[in-house]
Every structure is written in structure tokens, then in C-alpha cells.
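Containing PDB, C-alpha atoms, pLDDT in the B column: query.pdb.
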```
MODEL        1
ATOM      1  CA  GLY A   2     143.266  31.852  -1.615  1.00 54.00           C
ATOM      2  CA  GLN A   3     141.130  29.248   0.090  1.00 60.00           C
ATOM      3  CA  GLN A   4     137.531  30.147   0.840  1.00 74.00           C
ATOM      4  CA  LEU A   5     134.722  28.547   2.740  1.00 90.00           C
ATOM      5  CA  ASN A   6     131.155  29.116   1.635  1.00 94.00           C
ATOM      6  CA  GLN A   7     128.804  28.914   4.582  1.00 96.00           C
ATOM      7  CA  SER A   8     125.038  28.875   4.270  1.00 96.00           C
ATOM      8  CA  PRO A   9     122.552  30.044   5.101  1.00 96.00           C
ATOM      9  CA  GLN A  10     123.776  33.495   6.055  1.00 95.00           C
ATOM     10  CA  SER A  11     120.992  33.866   8.638  1.00 96.00           C
ATOM     11  CA  MET A  12     118.074  31.944  10.046  1.00 95.00           C
ATOM     12  CA  PHE A  13     115.061  32.958  12.099  1.00 96.00           C
ATOM     13  CA  ILE A  14     113.276  29.970  13.575  1.00 95.00           C
ATOM     14  CA  GLN A  15     110.732  29.021  16.192  1.00 96.00           C
ATOM     15  CA  GLU A  16     111.852  27.458  19.459  1.00 96.00           C
ATOM     16  CA  GLY A  17     111.766  23.673  19.168  1.00 97.00           C
ATOM     17  CA  GLU A  18     112.594  23.567  15.467  1.00 97.00           C
ATOM     18  CA  ASP A  19     115.628  21.793  14.060  1.00 97.00           C
ATOM     19  CA  VAL A  20     118.361  23.783  12.304  1.00 96.00           C
ATOM     20  CA  SER A  21     120.831  22.809   9.629  1.00 97.00           C
ATOM     21  CA  MET A  22     123.762  24.768   8.219  1.00 97.00           C
ATOM     22  CA  ASN A  23     126.657  23.771   6.008  1.00 96.00           C
ATOM     23  CA  CYS A  24     130.019  24.757   4.624  1.00 97.00           C
ATOM     24  CA  THR A  25     131.610  23.906   1.315  1.00 96.00           C
ATOM     25  CA  SER A  26     135.055  24.525  -0.081  1.00 93.00           C
ATOM     26  CA  SER A  27     137.041  24.041  -3.241  1.00 90.00           C
ATOM     27  CA  SER A  28     139.955  22.864  -1.080  1.00 89.00           C
ATOM     28  CA  ILE A  29     140.403  19.618   0.818  1.00 90.00           C
ATOM     29  CA  PHE A  30     140.601  19.989   4.579  1.00 91.00           C
ATOM     30  CA  ASN A  31     142.067  17.616   7.154  1.00 90.00           C
ATOM     31  CA  THR A  32     140.007  19.026  10.012  1.00 92.00           C
ATOM     32  CA  TRP A  33     136.632  20.730  10.290  1.00 94.00           C
ATOM     33  CA  LEU A  34     135.635  22.690  13.365  1.00 96.00           C
ATOM     34  CA  TRP A  35     132.376  24.349  14.341  1.00 97.00           C
ATOM     35  CA  TYR A  36     132.337  27.351  16.675  1.00 98.00           C
ATOM     36  CA  LYS A  37     129.627  29.555  18.201  1.00 98.00           C
ATOM     37  CA  GLN A  38     130.250  33.215  18.881  1.00 97.00           C
ATOM     38  CA  ASP A  39     128.219  35.563  21.053  1.00 95.00           C
ATOM     39  CA  PRO A  40     128.420  39.353  20.541  1.00 91.00           C
ATOM     40  CA  GLY A  41     131.661  40.799  21.897  1.00 91.00           C
ATOM     41  CA  GLU A  42     133.116  37.399  22.753  1.00 94.00           C
ATOM     42  CA  GLY A  43     135.540  34.971  21.175  1.00 96.00           C
ATOM     43  CA  PRO A  44     134.407  31.840  19.301  1.00 97.00           C
ATOM     44  CA  VAL A  45     133.616  28.850  21.499  1.00 96.00           C
ATOM     45  CA  LEU A  46     134.346  25.378  20.162  1.00 96.00           C
ATOM     46  CA  LEU A  47     131.296  23.171  19.617  1.00 97.00           C
ATOM     47  CA  ILE A  48     132.511  20.163  17.657  1.00 96.00           C
ATOM     48  CA  ALA A  49     135.814  19.051  16.099  1.00 94.00           C
ATOM     49  CA  LEU A  50     135.955  16.561  13.202  1.00 95.00           C
ATOM     50  CA  TYR A  51     139.186  14.855  12.155  1.00 92.00           C
ATOM     51  CA  LYS A  52     138.238  12.073   9.726  1.00 92.00           C
ATOM     52  CA  ALA A  53     136.358  12.076   6.432  1.00 93.00           C
ATOM     53  CA  GLY A  54     132.872  10.671   6.953  1.00 94.00           C
ATOM     54  CA  GLU A  55     133.032  11.195  10.714  1.00 94.00           C
ATOM     55  CA  LEU A  56     129.704  11.957  12.391  1.00 96.00           C
ATOM     56  CA  THR A  57     129.986  13.468  15.873  1.00 96.00           C
ATOM     57  CA  SER A  58     127.375  14.613  18.379  1.00 96.00           C
ATOM     58  CA  ASN A  59     127.567  17.004  21.305  1.00 95.00           C
ATOM     59  CA  GLY A  60     124.216  17.093  23.079  1.00 96.00           C
ATOM     60  CA  ARG A  61     121.668  18.476  20.651  1.00 97.00           C
ATOM     61  CA  LEU A  62     124.387  19.253  18.088  1.00 97.00           C
ATOM     62  CA  THR A  63     125.492  16.880  15.356  1.00 98.00           C
ATOM     63  CA  ALA A  64     128.175  17.563  12.765  1.00 97.00           C
ATOM     64  CA  GLN A  65     129.625  15.558   9.915  1.00 97.00           C
ATOM     65  CA  PHE A  66     132.901  15.696   8.010  1.00 96.00           C
ATOM     66  CA  GLY A  67     132.031  15.240   4.342  1.00 95.00           C
ATOM     67  CA  ILE A  68     133.405  12.181   2.582  1.00 95.00           C
ATOM     68  CA  THR A  69     135.061  14.355  -0.084  1.00 93.00           C
ATOM     69  CA  ARG A  70     136.739  16.392   2.704  1.00 92.00           C
ATOM     70  CA  LYS A  71     135.426  19.537   1.049  1.00 93.00           C
ATOM     71  CA  ASP A  72     132.286  20.048   3.117  1.00 95.00           C
ATOM     72  CA  SER A  73     130.726  19.774   6.545  1.00 97.00           C
ATOM     73  CA  PHE A  74     127.320  20.329   8.098  1.00 97.00           C
ATOM     74  CA  LEU A  75     126.026  21.156  11.559  1.00 98.00           C
ATOM     75  CA  ASN A  76     122.560  20.244  12.817  1.00 98.00           C
ATOM     76  CA  ILE A  77     120.920  21.579  15.958  1.00 97.00           C
ATOM     77  CA  SER A  78     117.882  19.698  17.149  1.00 97.00           C
ATOM     78  CA  ALA A  79     115.022  21.119  19.222  1.00 97.00           C
ATOM     79  CA  SER A  80     116.399  24.660  19.294  1.00 97.00           C
ATOM     80  CA  ILE A  81     116.143  26.750  22.447  1.00 96.00           C
ATOM     81  CA  PRO A  82     116.539  30.520  22.962  1.00 95.00           C
ATOM     82  CA  SER A  83     120.128  30.207  24.197  1.00 95.00           C
ATOM     83  CA  ASP A  84     121.127  28.767  20.793  1.00 96.00           C
ATOM     84  CA  VAL A  85     120.982  32.349  19.487  1.00 97.00           C
ATOM     85  CA  GLY A  86     124.350  33.477  18.130  1.00 97.00           C
ATOM     86  CA  ILE A  87     126.654  33.282  15.150  1.00 97.00           C
ATOM     87  CA  TYR A  88     127.886  29.865  14.078  1.00 98.00           C
ATOM     88  CA  PHE A  89     131.155  29.523  12.165  1.00 97.00           C
ATOM     89  CA  CYS A  90     132.656  26.598  10.358  1.00 97.00           C
ATOM     90  CA  ALA A  91     136.435  26.490  10.114  1.00 96.00           C
ATOM     91  CA  GLY A  92     138.688  24.258   8.095  1.00 94.00           C
ATOM     92  CA  GLN A  93     142.290  23.357   8.692  1.00 91.00           C
ATOM     93  CA  LEU A  94     144.313  22.394   5.648  1.00 83.00           C
ATOM     94  CA  GLY A  95     146.962  20.534   7.553  1.00 67.00           C
ATOM     95  CA  SER A  96     149.487  20.723   4.752  1.00 59.00           C
ATOM     96  CA  GLY A  97     153.013  21.105   6.026  1.00 62.00           C
ATOM     97  CA  ASN A  98     153.030  22.245   9.605  1.00 59.00           C
ATOM     98  CA  THR A  99     150.603  25.151   9.440  1.00 76.00           C
ATOM     99  CA  GLY A 100     147.503  24.801  11.572  1.00 87.00           C
ATOM    100  CA  LYS A 101     145.847  28.065  10.595  1.00 91.00           C
ATOM    101  CA  LEU A 102     142.082  27.979  10.340  1.00 94.00           C
ATOM    102  CA  ILE A 103     140.054  29.277   7.427  1.00 94.00           C
ATOM    103  CA  PHE A 104     136.619  30.455   8.502  1.00 96.00           C
ATOM    104  CA  GLY A 105     133.274  30.671   6.782  1.00 95.00           C
ATOM    105  CA  GLN A 106     131.267  33.883   6.801  1.00 95.00           C
ATOM    106  CA  GLY A 107     129.043  32.704   9.640  1.00 96.00           C
ATOM    107  CA  THR A 108     125.375  31.799  10.083  1.00 97.00           C
ATOM    108  CA  THR A 109     123.381  34.092  12.355  1.00 97.00           C
ATOM    109  CA  LEU A 110     120.724  32.169  14.234  1.00 97.00           C
ATOM    110  CA  GLN A 111     117.755  33.782  15.921  1.00 96.00           C
ATOM    111  CA  VAL A 112     115.264  31.718  17.902  1.00 95.00           C
ATOM    112  CA  LYS A 113     111.781  32.960  18.661  1.00 92.00           C
ATOM    113  CA  PRO A 114     110.436  31.697  22.005  1.00 88.00           C
TER     114      PRO A 114
ATOM    115  CA  ASP B   7     140.277  29.608  34.978  1.00 55.00           C
ATOM    116  CA  THR B   8     142.506  27.691  32.581  1.00 77.00           C
ATOM    117  CA  GLY B   9     141.205  29.152  29.325  1.00 94.00           C
ATOM    118  CA  VAL B  10     142.892  31.575  26.940  1.00 97.00           C
ATOM    119  CA  SER B  11     142.950  35.116  28.328  1.00 97.00           C
ATOM    120  CA  GLN B  12     143.470  38.403  26.526  1.00 98.00           C
ATOM    121  CA  ASP B  13     144.184  41.874  27.786  1.00 97.00           C
ATOM    122  CA  PRO B  14     142.823  44.466  27.394  1.00 98.00           C
ATOM    123  CA  ARG B  15     139.304  43.520  26.359  1.00 97.00           C
ATOM    124  CA  HIS B  16     138.719  46.920  24.799  1.00 97.00           C
ATOM    125  CA  LYS B  17     141.044  49.612  23.503  1.00 98.00           C
ATOM    126  CA  ILE B  18     140.219  53.019  22.063  1.00 98.00           C
ATOM    127  CA  THR B  19     143.102  54.933  20.556  1.00 98.00           C
ATOM    128  CA  LYS B  20     143.761  57.844  18.267  1.00 98.00           C
ATOM    129  CA  ARG B  21     145.098  57.362  14.793  1.00 97.00           C
ATOM    130  CA  GLY B  22     148.883  57.290  14.762  1.00 97.00           C
ATOM    131  CA  GLN B  23     149.266  55.871  18.270  1.00 98.00           C
ATOM    132  CA  ASN B  24     150.870  52.530  19.061  1.00 98.00           C
ATOM    133  CA  VAL B  25     148.937  49.784  20.841  1.00 98.00           C
ATOM    134  CA  THR B  26     149.964  46.453  22.339  1.00 98.00           C
ATOM    135  CA  PHE B  27     147.757  43.473  23.151  1.00 98.00           C
ATOM    136  CA  ARG B  28     148.605  40.491  25.303  1.00 98.00           C
ATOM    137  CA  CYS B  29     147.491  36.865  25.071  1.00 98.00           C
ATOM    138  CA  ASP B  30     148.010  34.171  27.700  1.00 97.00           C
ATOM    139  CA  PRO B  31     147.423  30.730  26.195  1.00 96.00           C
ATOM    140  CA  ILE B  32     146.193  27.596  27.892  1.00 95.00           C
ATOM    141  CA  SER B  33     149.023  26.165  29.944  1.00 92.00           C
ATOM    142  CA  GLU B  34     151.197  23.675  28.035  1.00 87.00           C
ATOM    143  CA  HIS B  35     149.736  24.583  24.643  1.00 92.00           C
ATOM    144  CA  ASN B  36     152.661  24.848  22.277  1.00 91.00           C
ATOM    145  CA  ARG B  37     150.900  26.699  19.467  1.00 93.00           C
ATOM    146  CA  LEU B  38     149.520  30.219  19.614  1.00 96.00           C
ATOM    147  CA  TYR B  39     147.596  31.987  16.864  1.00 97.00           C
ATOM    148  CA  TRP B  40     146.464  35.558  16.226  1.00 97.00           C
ATOM    149  CA  TYR B  41     143.400  36.323  14.117  1.00 97.00           C
ATOM    150  CA  ARG B  42     141.576  39.524  13.182  1.00 97.00           C
ATOM    151  CA  GLN B  43     137.826  39.751  12.855  1.00 96.00           C
ATOM    152  CA  THR B  44     135.887  42.642  11.357  1.00 94.00           C
ATOM    153  CA  LEU B  45     132.167  43.157  11.750  1.00 91.00           C
ATOM    154  CA  GLY B  46     130.070  40.568   9.938  1.00 90.00           C
ATOM    155  CA  GLN B  47     133.034  38.428   8.928  1.00 93.00           C
ATOM    156  CA  GLY B  48     134.740  35.313  10.187  1.00 95.00           C
ATOM    157  CA  PRO B  49     138.164  35.558  11.816  1.00 96.00           C
ATOM    158  CA  GLU B  50     141.154  35.884   9.479  1.00 95.00           C
ATOM    159  CA  PHE B  51     144.550  34.403  10.245  1.00 95.00           C
ATOM    160  CA  LEU B  52     147.378  36.831  11.026  1.00 96.00           C
ATOM    161  CA  THR B  53     150.278  34.803  12.414  1.00 96.00           C
ATOM    162  CA  TYR B  54     151.182  31.823  14.582  1.00 94.00           C
ATOM    163  CA  PHE B  55     153.898  30.571  16.890  1.00 94.00           C
ATOM    164  CA  GLN B  56     155.091  27.121  17.773  1.00 92.00           C
ATOM    165  CA  ASN B  57     156.715  27.587  21.141  1.00 91.00           C
ATOM    166  CA  GLU B  58     158.736  30.801  20.706  1.00 92.00           C
ATOM    167  CA  ALA B  59     159.214  30.538  16.932  1.00 92.00           C
ATOM    168  CA  GLN B  60     157.004  32.599  14.647  1.00 92.00           C
ATOM    169  CA  LEU B  61     156.418  30.186  11.785  1.00 91.00           C
ATOM    170  CA  GLU B  62     153.954  31.932   9.498  1.00 91.00           C
ATOM    171  CA  LYS B  63     152.700  35.449   8.829  1.00 92.00           C
ATOM    172  CA  SER B  64     149.735  36.402   6.699  1.00 91.00           C
ATOM    173  CA  ARG B  65     149.912  39.053   4.006  1.00 88.00           C
ATOM    174  CA  LEU B  66     147.379  40.876   6.210  1.00 83.00           C
ATOM    175  CA  LEU B  67     150.188  41.503   8.674  1.00 86.00           C
ATOM    176  CA  SER B  68     151.702  44.745   7.416  1.00 89.00           C
ATOM    177  CA  ASP B  69     155.058  46.126   8.546  1.00 93.00           C
ATOM    178  CA  ARG B  70     153.248  48.071  11.259  1.00 96.00           C
ATOM    179  CA  PHE B  71     152.300  44.834  12.993  1.00 96.00           C
ATOM    180  CA  SER B  72     154.702  42.795  15.069  1.00 96.00           C
ATOM    181  CA  ALA B  73     154.124  39.803  17.302  1.00 97.00           C
ATOM    182  CA  GLU B  74     156.326  38.099  19.832  1.00 96.00           C
ATOM    183  CA  ARG B  75     156.154  35.078  22.068  1.00 96.00           C
ATOM    184  CA  PRO B  76     159.155  35.221  24.388  1.00 91.00           C
ATOM    185  CA  LYS B  77     159.959  31.948  26.113  1.00 86.00           C
ATOM    186  CA  GLY B  78     157.054  30.264  24.370  1.00 85.00           C
ATOM    187  CA  SER B  79     154.510  31.417  26.924  1.00 91.00           C
ATOM    188  CA  PHE B  80     152.387  34.565  26.547  1.00 96.00           C
ATOM    189  CA  SER B  81     152.349  36.550  23.320  1.00 97.00           C
ATOM    190  CA  THR B  82     152.065  40.224  22.437  1.00 98.00           C
ATOM    191  CA  LEU B  83     150.746  41.826  19.277  1.00 98.00           C
ATOM    192  CA  GLU B  84     151.819  45.407  18.634  1.00 98.00           C
ATOM    193  CA  ILE B  85     150.382  47.764  16.059  1.00 97.00           C
ATOM    194  CA  GLN B  86     152.419  50.857  15.331  1.00 97.00           C
ATOM    195  CA  ARG B  87     151.014  54.071  13.882  1.00 97.00           C
ATOM    196  CA  THR B  88     147.462  52.798  14.034  1.00 98.00           C
ATOM    197  CA  GLU B  89     145.045  53.552  11.199  1.00 97.00           C
ATOM    198  CA  GLN B  90     141.256  53.591  11.221  1.00 96.00           C
ATOM    199  CA  GLY B  91     141.293  50.422   9.129  1.00 95.00           C
ATOM    200  CA  ASP B  92     142.939  48.604  12.024  1.00 97.00           C
ATOM    201  CA  SER B  93     139.688  48.799  13.979  1.00 97.00           C
ATOM    202  CA  ALA B  94     138.634  45.199  14.552  1.00 97.00           C
ATOM    203  CA  MET B  95     138.450  42.399  17.110  1.00 97.00           C
ATOM    204  CA  TYR B  96     141.845  40.759  17.628  1.00 98.00           C
ATOM    205  CA  LEU B  97     141.529  37.145  18.686  1.00 98.00           C
ATOM    206  CA  CYS B  98     144.120  34.839  20.144  1.00 98.00           C
ATOM    207  CA  ALA B  99     143.873  31.052  20.091  1.00 97.00           C
ATOM    208  CA  SER B 100     146.065  28.291  21.460  1.00 96.00           C
ATOM    209  CA  SER B 101     146.357  24.602  20.727  1.00 93.00           C
ATOM    210  CA  LEU B 102     148.333  21.481  21.476  1.00 86.00           C
ATOM    211  CA  ARG B 103     149.072  19.549  18.325  1.00 79.00           C
ATOM    212  CA  GLN B 104     148.900  15.805  18.940  1.00 76.00           C
ATOM    213  CA  GLY B 105     149.679  13.769  15.866  1.00 75.00           C
ATOM    214  CA  ARG B 106     147.425  15.015  13.089  1.00 74.00           C
ATOM    215  CA  GLU B 107     144.824  16.363  15.497  1.00 82.00           C
ATOM    216  CA  GLU B 108     144.840  19.964  16.610  1.00 87.00           C
ATOM    217  CA  THR B 109     141.995  21.939  18.178  1.00 90.00           C
ATOM    218  CA  GLN B 110     142.240  25.689  18.674  1.00 94.00           C
ATOM    219  CA  TYR B 111     140.638  27.358  21.668  1.00 95.00           C
ATOM    220  CA  PHE B 112     139.971  31.069  21.464  1.00 97.00           C
ATOM    221  CA  GLY B 113     140.239  33.848  23.999  1.00 97.00           C
ATOM    222  CA  PRO B 114     137.573  36.540  24.484  1.00 97.00           C
ATOM    223  CA  GLY B 115     139.318  38.945  22.104  1.00 97.00           C
ATOM    224  CA  THR B 116     140.495  42.535  22.244  1.00 98.00           C
ATOM    225  CA  ARG B 117     138.242  45.002  20.489  1.00 97.00           C
ATOM    226  CA  LEU B 118     140.218  47.895  19.008  1.00 98.00           C
ATOM    227  CA  LEU B 119     138.678  51.173  17.910  1.00 98.00           C
ATOM    228  CA  VAL B 120     140.914  53.680  16.167  1.00 98.00           C
ATOM    229  CA  LEU B 121     139.499  57.203  16.060  1.00 97.00           C
TER     230      LEU B 121
ENDMDL
END
```

Produce C-alpha cells that represent the structure in this file.
Amino acid sequence: GQQLNQSPQSMFIQEGEDVSMNCTSSSIFNTWLWYKQDPGEGPVLLIALYKAGELTSNGRLTAQFGITRKDSFLNISASIPSDVGIYFCAGQLGSGNTGKLIFGQGTTLQVKP
Amino acid sequence: DTGVSQDPRHKITKRGQNVTFRCDPISEHNRLYWYRQTLGQGPEFLTYFQNEAQLEKSRLLSDRFSAERPKGSFSTLEIQRTEQGDSAMYLCASSLRQGREETQYFGPGTRLLVL
């Protein structure tokens, strides 16, 4: 089945540093989504990408839809303590009518004040 | 609050018991998804509905699992004869597909513990 490889698995950084994480796949996706999940809660949408090559920002977050449609990255600039959490990439194949998401394994981010 | 809601938030049950979870999607969203998430992993797709029709089921969804979405509004996920391996977070998401674009919004989840 389809798999997403997300890296790094975890990061421990100093407040104010920039962060970068990425996802790669052997499959082509029509949509890439990035979510953040806090312990005991559901994933919260950060950024949605619909077109190959698209670069989208949401505040301090920037994400890009890879030109090959097989990868995406998320950057967080000037990290703050509330950025702590687990970040997931998710791809949507879009073939046929199914909209199911395939998730990466997650990147756990810890920020030291 | 117009987000996705799930009930209950937590459920502890004994092995062999039946459990039922409810999901209320964002109003006017025509698609509703169920996912399962185990510790340290990303969510995995279980099944989805477009309006009241269940259009796809994952191989993860054994015969003990059944989902419904009567009238295309809220949805229920039932697990019969629960097993310890069913312990997980069950997430619901809803979306409104517009052309080729579709963004899923998740609820807070129901955490199930089977003793």
C-alpha cells in the first residue's frame, strides 16, 4: 500500500530557531496537508496544498507541494514554546472519488525556552 | 462551535463488550471519514461516507466494526465484541469536496481502552 516517509522523527530545538520537516512518497498525490496534533486531541489543519509547486504560508509556517507531486516540506520560522506538538503530513491520492488521507509517521517537536 | 464533535471523548470497556461512538460533522459537509490512531503512529483510514452512502471500507475494518450515517448527518461507529487490540484513538473528520479540492477537518477523537 501507499506509504509516506516523514522526517525527522523528532526534533529538540531552542526557542527562536527555524524548523524544517519533510515527507516523501513513492506515490503521486493530488493534495498535501499538514496537521499539528496535541496530546489527547485530534489533528488541527495548518496548511493545505492543492497544486504541484505551490508554496503557501500561514503566519510563521510555510509549506510547499513538491513539483514531482511525491513530496512536501513544512518550515516553521522563529519557533516559540507553543509550537510543541506532533506534526503530520498527509497526502490525498484523489484517484476516483476517494478522499482518504494517508499520513506520515509524525515529527515530534520540542522547543526549549 | 461549528467544528467536528465526537462523543464520548473517552471510553473504558471490558473485552467482549460492544461500544458505539458518535461523530457530528461540520454542518453542510457532505463527506465524513473515520480513522484509527494508535500510539506513536499517524491516523489510519477506516471508512468514509458521502452523504448517507458508505463508499469505501479499509481492510482494517473487520466484521466486528460497523459504521452508519443515517440521513447524511451524524455518524456512528460500533465495535462489537471488543478486543484489547481495538484500544486506540478513533478520529472522525468531515469535508466538503469542491471540484478537485477537499480539506478534512478532524474532531477531538474518542480514546478507547479495552481491558

Next on the checklist: Please compute the CA of Ala79 in chain A-CA of Ser8 in chain A distance, one decimal, in Å.
Outcome noted: 19.6 Å

Next on the checklist: With all atoms listed in the file as the counted atoms, please give the residues lying no more than 6 Å from range 14-27 of chain B, apart from itself and same-chain residues fewer than 3 positions off, as a ChimeraX atom specification.
Outcome noted: /B:82-89,116-121

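Every residue that the PyMOL selection byres ((chain B and resi 40) around 8) selects in this file is listed here: Leu38, Tyr39, Tyr41, Arg42, Phe51, Leu52, Thr53, Tyr54, Tyr96, Leu97, Cys98 and Ala99 of chain B.
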
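Here the question is which of B:Arg37, B:Cys29, B:Glu58, B:Asp69 gets nearest to chain A using all atoms listed in the file, and that residue is B:Arg37.
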
Next on the checklist: With the PyMOL selection byres ((chain B and resi 104-107) around 9) as the selection, what would be picked from this file? Answer as an MDAnalysis selection string, please.
Outcome noted: (chainID A and resid 31:32 51 95) or (chainID B and resid 102:103 108:109)
